[in-house]
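*Asks:* Data file structure-v1.txt (compact mmCIF, C-alpha atoms) is appended below.
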```
# COMPACT_ATOMS: atom_id res chain seq x y z
CA MET M 157 -5.87 18.30 -166.40
CA LEU M 158 -3.82 20.91 -164.54
CA LYS M 159 -0.55 19.72 -163.06
CA GLN M 160 -0.61 19.25 -159.29
CA ARG M 161 2.16 21.31 -157.70
CA ILE M 162 2.71 19.56 -154.34
CA SER M 163 2.15 15.83 -153.81
CA TYR M 164 -0.11 14.15 -151.28
CA VAL M 165 1.57 12.26 -148.47
CA ASN M 166 0.85 8.54 -148.86
CA PRO M 167 -1.53 7.68 -145.99
CA ALA M 168 -0.02 4.18 -145.83
CA LYS M 169 3.25 5.76 -144.69
CA ILE M 170 1.67 7.71 -141.83
CA THR M 171 2.22 6.02 -138.46
CA ASP M 172 0.80 8.64 -136.08
CA PRO M 173 -2.60 7.25 -134.88
CA ALA M 174 -3.91 10.73 -134.10
CA MET M 175 -3.08 11.99 -137.59
CA LEU M 176 -4.73 8.93 -139.15
CA GLU M 177 -7.83 9.53 -137.03
CA GLU M 178 -8.01 13.15 -138.16
CA LEU M 179 -7.61 12.12 -141.80
CA ASP M 180 -10.43 9.62 -141.42
CA ARG M 181 -12.61 12.39 -139.98
CA CYS M 182 -11.76 14.52 -143.04
CA ARG M 183 -12.77 11.63 -145.28
CA ARG M 184 -16.08 11.11 -143.48
CA GLU M 185 -17.08 14.70 -142.69
CA GLY M 186 -15.15 16.99 -145.01
CA THR M 187 -14.38 20.68 -144.49
CA PRO M 188 -11.55 20.01 -144.92
CA ARG M 189 -11.52 16.99 -147.20
CA PRO M 190 -8.43 14.73 -147.00
CA GLU M 191 -6.54 16.04 -150.03
CA SER M 192 -5.63 19.38 -148.44
CA SER M 193 -4.83 17.66 -145.14
CA LEU M 194 -2.48 15.27 -146.92
CA ILE M 195 -0.66 18.25 -148.43
CA ARG M 196 -0.16 19.77 -144.97
CA ALA M 197 0.91 16.33 -143.67
CA HIS M 198 4.33 16.86 -145.29
CA VAL M 199 5.03 18.96 -142.17
CA PRO M 200 3.23 17.58 -139.11
CA ALA M 201 3.47 20.93 -137.35
CA CYS M 202 1.59 22.53 -140.25
CA PHE M 203 -0.95 19.69 -140.26
CA TRP M 204 -1.73 20.10 -136.57
CA SER M 205 -1.53 23.88 -136.50
CA PHE M 206 -4.27 24.05 -139.10
CA ALA M 207 -6.33 21.12 -137.77
CA ASN M 208 -6.34 22.49 -134.23
CA ALA M 209 -7.11 26.06 -135.28
CA TRP M 210 -9.86 24.83 -137.62
CA ARG M 211 -11.41 22.81 -134.80
CA ASP M 212 -11.26 25.76 -132.39
CA PHE M 213 -12.24 28.59 -134.81
CA PHE M 214 -14.62 26.81 -137.17
CA LYS M 215 -16.06 23.64 -135.66
CA ASN M 216 -16.31 25.12 -132.17
CA GLY M 217 -15.97 28.65 -130.79
CA VAL M 218 -18.16 31.54 -129.67
CA CYS M 219 -19.67 32.60 -133.01
CA ASP M 220 -22.43 30.73 -134.86
CA HIS M 221 -21.00 27.93 -136.98
CA SER M 222 -23.44 28.62 -139.82
CA ILE M 223 -22.22 32.22 -140.06
CA LYS M 224 -18.61 31.07 -140.23
CA GLU M 225 -19.58 28.57 -142.93
CA LEU M 226 -21.17 31.34 -145.03
CA CYS M 227 -18.01 33.43 -144.62
CA ARG M 228 -15.83 30.45 -145.59
CA VAL M 229 -17.64 29.98 -148.88
CA TYR M 230 -17.80 33.74 -149.45
CA VAL M 231 -14.00 33.68 -149.42
CA SER M 232 -13.99 30.69 -151.81
CA ARG M 233 -16.20 32.46 -154.29
CA SER M 234 -14.25 35.70 -153.97
CA ILE M 235 -10.80 34.29 -154.59
CA GLN M 236 -12.15 31.39 -156.69
CA CYS M 237 -10.68 28.51 -154.71
CA GLU M 238 -12.62 25.72 -156.39
CA TYR M 239 -11.32 23.02 -154.07
CA CYS M 240 -12.68 24.78 -150.97
CA GLY M 241 -15.74 26.24 -152.67
CA ASN M 242 -17.04 22.80 -153.63
CA GLN M 243 -17.20 21.66 -150.02
CA ARG M 244 -20.03 22.11 -147.52
CA SER M 245 -20.13 21.91 -143.75
CA LEU M 246 -22.41 19.10 -142.55
CA GLU M 247 -23.09 21.07 -139.38
CA GLY M 248 -24.04 24.07 -141.51
CA ALA M 249 -26.59 21.96 -143.37
CA ASN M 250 -27.96 20.66 -140.07
CA SER M 251 -28.41 24.26 -138.90
CA GLY M 252 -30.53 25.11 -141.95
CA LEU M 253 -28.12 26.30 -144.65
CA THR M 254 -29.22 25.34 -148.17
CA GLU M 255 -27.64 25.80 -151.60
CA ALA M 256 -29.73 28.95 -152.01
CA HIS M 257 -27.69 30.52 -149.20
CA TYR M 258 -24.45 29.77 -151.07
CA ASP M 259 -25.71 30.85 -154.49
CA ASP M 260 -26.27 34.47 -153.47
CA LEU M 261 -23.12 35.10 -151.44
CA LEU M 262 -21.52 37.63 -153.79
CA ASN M 263 -24.76 39.61 -153.86
CA PHE M 264 -25.42 39.29 -150.13
CA GLU M 265 -26.37 42.91 -149.39
CA LYS M 266 -29.31 42.84 -151.82
CA SER M 267 -30.25 39.21 -151.19
CA THR M 268 -33.35 38.06 -149.30
CA GLN M 269 -31.57 34.82 -148.31
CA TYR M 270 -29.81 36.32 -145.29
CA ASP M 271 -30.83 38.03 -142.07
CA GLU M 272 -29.13 41.22 -140.87
CA ARG M 273 -26.65 39.39 -138.65
CA GLN M 274 -25.56 37.16 -141.55
CA LYS M 275 -25.23 40.19 -143.83
CA ALA M 276 -23.09 41.98 -141.25
CA ALA M 277 -20.80 38.95 -140.99
CA LEU M 278 -20.47 38.78 -144.77
CA ALA M 279 -19.70 42.51 -144.89
CA TYR M 280 -16.92 41.85 -142.38
CA ALA M 281 -15.60 38.99 -144.53
CA GLU M 282 -15.84 41.19 -147.61
CA ALA M 283 -13.86 44.00 -145.97
CA ILE M 284 -11.11 41.59 -144.91
CA THR M 285 -10.97 39.72 -148.21
CA TRP M 286 -10.99 42.78 -150.48
CA ARG M 287 -9.08 45.11 -148.10
CA LEU M 288 -11.94 47.62 -148.09
CA ASN M 289 -11.81 50.85 -146.13
CA THR M 290 -14.23 50.98 -143.20
CA ASP M 291 -15.93 53.83 -141.36
CA GLU M 292 -17.87 54.45 -138.15
CA GLU M 293 -21.09 53.20 -139.72
CA PHE M 294 -19.41 49.92 -140.61
CA TRP M 295 -18.15 49.37 -137.07
CA GLU M 296 -21.45 50.39 -135.50
CA ARG M 297 -23.04 47.70 -137.65
CA MET M 298 -20.49 45.12 -136.52
CA HIS M 299 -20.92 45.91 -132.83
CA LYS M 300 -24.69 45.92 -133.17
CA HIS M 301 -24.70 42.28 -134.25
CA PHE M 302 -21.59 40.79 -132.62
CA THR M 303 -19.75 40.86 -129.33
CA GLU M 304 -16.05 41.67 -129.36
CA PRO M 305 -15.07 38.00 -128.77
CA GLU M 306 -17.27 37.04 -131.74
CA LEU M 307 -15.64 39.69 -133.92
CA VAL M 308 -12.19 38.46 -132.90
CA GLU M 309 -13.01 34.84 -133.65
CA LEU M 310 -14.76 35.65 -136.93
CA GLY M 311 -11.89 37.90 -138.04
CA CYS M 312 -9.28 35.26 -137.18
CA PHE M 313 -11.34 32.60 -138.96
CA VAL M 314 -11.75 34.64 -142.15
CA ALA M 315 -8.02 35.42 -142.12
CA LEU M 316 -7.16 31.74 -141.62
CA THR M 317 -9.45 30.44 -144.35
CA MET M 318 -8.50 33.19 -146.78
CA GLY M 319 -4.81 32.45 -146.38
CA GLN M 320 -5.26 28.70 -146.76
CA GLN M 321 -7.59 29.02 -149.74
CA SER M 322 -5.30 31.50 -151.49
CA TRP M 323 -2.51 28.94 -151.15
CA LEU M 324 -4.52 25.80 -152.04
CA ARG M 325 -5.84 27.52 -155.17
CA LEU M 326 -2.29 27.49 -156.55
CA LEU M 327 -1.72 23.78 -156.03
CA ASN M 328 -4.28 22.36 -158.49
CA ILE M 329 -5.48 19.69 -156.09
CA GLU M 330 -8.88 18.09 -156.64
CA HIS M 331 -11.46 16.07 -154.77
CA HIS M 332 -11.75 12.28 -154.83
CA GLN M 333 -8.01 11.86 -155.31
CA ALA M 334 -6.96 10.77 -151.81
CA LEU M 335 -8.77 8.50 -149.33
CA ALA M 336 -11.52 8.45 -151.92
CA GLY M 337 -14.84 6.66 -151.72
CA THR M 338 -16.88 8.99 -149.54
CA SER M 339 -18.81 12.16 -150.31
CA GLY M 340 -18.85 13.64 -146.80
CA GLY M 341 -18.74 17.41 -146.94
CA MET M 342 -19.09 17.66 -150.71
CA ALA M 343 -21.48 20.15 -152.31
CA PRO M 344 -24.48 18.74 -154.21
CA GLY M 345 -23.38 17.74 -157.69
CA PHE M 346 -19.78 17.12 -156.62
CA GLU M 347 -20.19 13.88 -154.67
CA SER M 348 -18.32 11.68 -157.16
CA VAL M 349 -15.63 12.05 -159.82
CA GLU M 350 -18.25 11.88 -162.57
CA GLU M 351 -20.61 14.38 -160.94
CA LEU M 352 -17.75 16.76 -160.21
CA ALA M 353 -16.62 16.74 -163.86
CA LYS M 354 -20.17 17.32 -165.09
CA SER M 355 -20.79 20.21 -162.68
CA LYS M 356 -17.51 21.90 -163.54
CA ALA M 357 -18.27 21.63 -167.25
CA SER M 358 -21.60 23.43 -166.87
CA PRO M 359 -21.74 27.04 -168.12
CA GLU M 360 -23.47 27.85 -164.81
CA TYR M 361 -20.53 26.62 -162.72
CA TRP M 362 -19.89 29.27 -160.07
CA ALA M 363 -16.13 29.56 -160.72
CA LYS M 364 -16.81 30.72 -164.29
CA LYS M 365 -18.41 33.89 -162.94
CA LYS M 366 -16.63 37.10 -161.96
CA ALA M 367 -16.05 37.59 -158.25
CA SER M 368 -14.99 41.17 -157.60
CA PRO M 369 -17.41 43.18 -155.44
CA THR M 370 -17.24 46.09 -157.88
CA GLU M 371 -18.50 43.98 -160.76
CA GLN M 372 -21.11 42.33 -158.58
CA LYS M 373 -22.47 45.72 -157.51
CA LYS M 374 -22.65 46.84 -161.14
CA LYS M 375 -24.69 43.74 -161.99
CA SER M 376 -27.10 44.20 -159.09
CA ALA M 377 -27.52 47.96 -159.44
```
Render the structure in this file as C-alpha cells.
*Replies:*
Amino acid sequence: MLKQRISYVNPAKITDPAMLEELDRCRREGTPRPESSLIRAHVPACFWSFANAWRDFFKNGVCDHSIKELCRVYVSRSIQCEYCGNQRSLEGANSGLTEAHYDDLLNFEKSTQYDERQKAALAYAEAITWRLNTDEEFWERMHKHFTEPELVELGCFVALTMGQQSWLRLLNIEHHQALAGTSGGMAPGFESVEELAKSKASPEYWAKKKASPTEQKKKSA
C-alpha cells in the first residue's frame, strides 16, 4: 500500500454546515468523491474555490456536461490519475455515456464511439494536456463545433481538472477511505473496497496501459 502524503480532515471536526452538506453530496453523487474534498478541506478557501468552480464549469455551464465528462476522464487516462479515472459522472450516465465511451478515449480519433463534436472536444483536451502545437485546421474544427463561450468554458474546465488530477495523483489517496459506505459516482467494478482491489489487480486495468498520444497512434496505425 502506497503511503498517503496528505491526511484527510476528520469530518467530525468540521462545523461549517455548508461544507458538511457539500461533503455529503460528494459521498452520494461522486465526481468528486469525498476523499479529495477532505484533502482540500485543510484550507476552506481551497475547498470552496474548487467546489464552486466545479459546480459552475462541470455540473452546470454552457457546454454539454457529457462532453466535459469525456474530457475529464481523457485527462485521467492521459496523466494516469487513478483516483479520478475510477469515478463516473451520474449525469453523464443519464445522458447516455457507457463504459464503451470511456474505454476508447485514448484512441478517440479512430473510434466509432464518438460523434464529430465529441472528437473535436477530445482533440481540444488532448492539445491542452499534451501541449500540442495547433494550426488553422485545428481551430477551424473547434469553431465548427463550438461557440466561443463553449470553448472558453471547456478550456477552463480541462485546465482545472488537469491541474487537480496532476496534484491528486501524487498524494496516493484512494476510494472508500473517507465517508465510506456509498458507491455514488464510482466506475463499474470499483463500487466497494473488494471490487476496487480486484479491478486494479487485473492485467486489463486501464492504468497499466501506456497513455502517450504518440504510442497510442503507433498502436492504432
*Asks:* Fewer than 2 positions away in the same chain doesn't count, so skip those; otherwise give me all residues within 12 Å of Lys159 (chain M), counting all atoms listed in the file, as a ChimeraX atom specification.
*Replies:* /M:157,161-163,326-330
*Asks:* Within 7 Å of region 277-284 of chain M, counting all atoms listed in the file, which residues show up once you throw out same-chain ones fewer than 5 positions away? Write them as a PyMOL selection string, please.
*Replies:* chain M and resi 223+227+314
*Asks:* Give me a file of those residues, with C-alpha atoms, as a PDB file, keeping the file's coordinate frame.
*Replies:*
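Wrote it out as result16.pdb, contents follow:
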```pdb
ATOM      1  CA  ILE M 223     -22.220  32.220-140.060  1.00  0.00           C
ATOM      2  CA  CYS M 227     -18.010  33.430-144.620  1.00  0.00           C
ATOM      3  CA  VAL M 314     -11.750  34.640-142.150  1.00  0.00           C
TER       4      VAL M 314
END
```
*Asks:* Give me the residues within 10 Å of region 194-211 of chain M as a VMD selection string, counting all atoms listed in the file and dropping any in the same chain fewer than 2 places off.
*Replies:* chain M and resid 162 to 167 170 172 174 to 175 178 to 179 187 to 192 213 to 217 312 to 313 316 to 317 320 324 327 329 334 to 335
*Asks:* If you take all atoms listed in the file and a cut-off of 8 Å, which residues of region 191-247 of chain M touch region 340-359 of chain M, and what are their nearest atom pairs and distances in Å to one decimal, in chain and number order, as JSON lines?
*Replies:*
```
{"residue": "M:Asn242", "atom": "CA", "partner": "M:Ala343", "partner_atom": "CA", "distance": 5.3}
{"residue": "M:Gln243", "atom": "CA", "partner": "M:Met342", "partner_atom": "CA", "distance": 4.5}
{"residue": "M:Arg244", "atom": "CA", "partner": "M:Gly341", "partner_atom": "CA", "distance": 4.9}
{"residue": "M:Ser245", "atom": "CA", "partner": "M:Gly341", "partner_atom": "CA", "distance": 5.7}
{"residue": "M:Leu246", "atom": "CA", "partner": "M:Gly341", "partner_atom": "CA", "distance": 6.0}
```
*Asks:* Just the number, please: distance in Å from CA of Met318 (chain M) to CA of Cys240 (chain M), one decimal.
*Replies:* 10.3 Å
*Asks:* For a test of reading the model, state the distance in Å between CA of Glu360 (chain M) and CA of His332 (chain M), rounded to one decimal.
*Replies:*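 Going from CA of Glu360 (chain M) over to CA of His332 (chain M) covers 21.9 Å.
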*Asks:* Could you jot down the CA of Val308 (chain M) to CA of Arg233 (chain M) separation for me, Å, one decimal place?
*Replies:*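 That distance, rounded to one decimal, is 22.6 Å.
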*Asks:* Under the rule that only C-alpha atoms are counted, which of M:Ala276, M:Leu176, M:Thr338, M:Ile235 is the nearest residue to Phe294 (chain M)?
*Replies:*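 Among the listed residues, M:Ala276 lies closest to Phe294 (chain M).
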*Asks:* Just want the 9 Å neighbourhood of Lys275 (chain M), counted on only C-alpha atoms, with same-chain residues fewer than 6 positions away dropped. Output as a list in words.
*Replies:* Phe264, Glu265 and Ser267 of chain M
*Asks:* Residues as selected, C-alpha atoms, written as an mmCIF file, in the frame of the given file, can you do that?
*Replies:*
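So out_27.cif came out as:
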```
data_model
loop_
_atom_site.group_PDB
_atom_site.id
_atom_site.type_symbol
_atom_site.label_atom_id
_atom_site.label_comp_id
_atom_site.auth_asym_id
_atom_site.auth_seq_id
_atom_site.Cartn_x
_atom_site.Cartn_y
_atom_site.Cartn_z
ATOM 1 C CA PHE M 264 -25.420 39.290 -150.130
ATOM 2 C CA GLU M 265 -26.370 42.910 -149.390
ATOM 3 C CA SER M 267 -30.250 39.210 -151.190
#
```
*Asks:* Find the residue from M:Asn250, M:Ser339, M:Thr171, M:Ser322 that sits nearest to Cys237 (chain M); use only C-alpha atoms when measuring.
*Replies:*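 Checking each candidate against Cys237 (chain M), we get M:Ser322 as the closest.
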*Asks:* Which neighbours of Leu261 (chain M) fall inside 8 Å, counting all atoms listed in the file, when residues of the same chain fewer than 6 positions from it are skipped, and could you give them as number ranges by chain?
*Replies:* M: 226, 229-230, 233
*Asks:* Of the candidates M:Glu238, M:Lys169, M:Glu255, M:Ala315, which one gets nearest to Arg287 (chain M) if we count all atoms listed in the file?
*Replies:*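 Nearest to Arg287 (chain M): M:Ala315.
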*Asks:* For each of M:Arg181, M:Lys366, M:His331, M:Arg273, take the minimum atom-to-atom distance to Arg297 (chain M), counting only C-alpha atoms, then give the residue where this is smallest.
*Replies:*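 Of M:Arg181, M:Lys366, M:His331, M:Arg273, the one nearest Arg297 (chain M) is M:Arg273, counting only C-alpha atoms.
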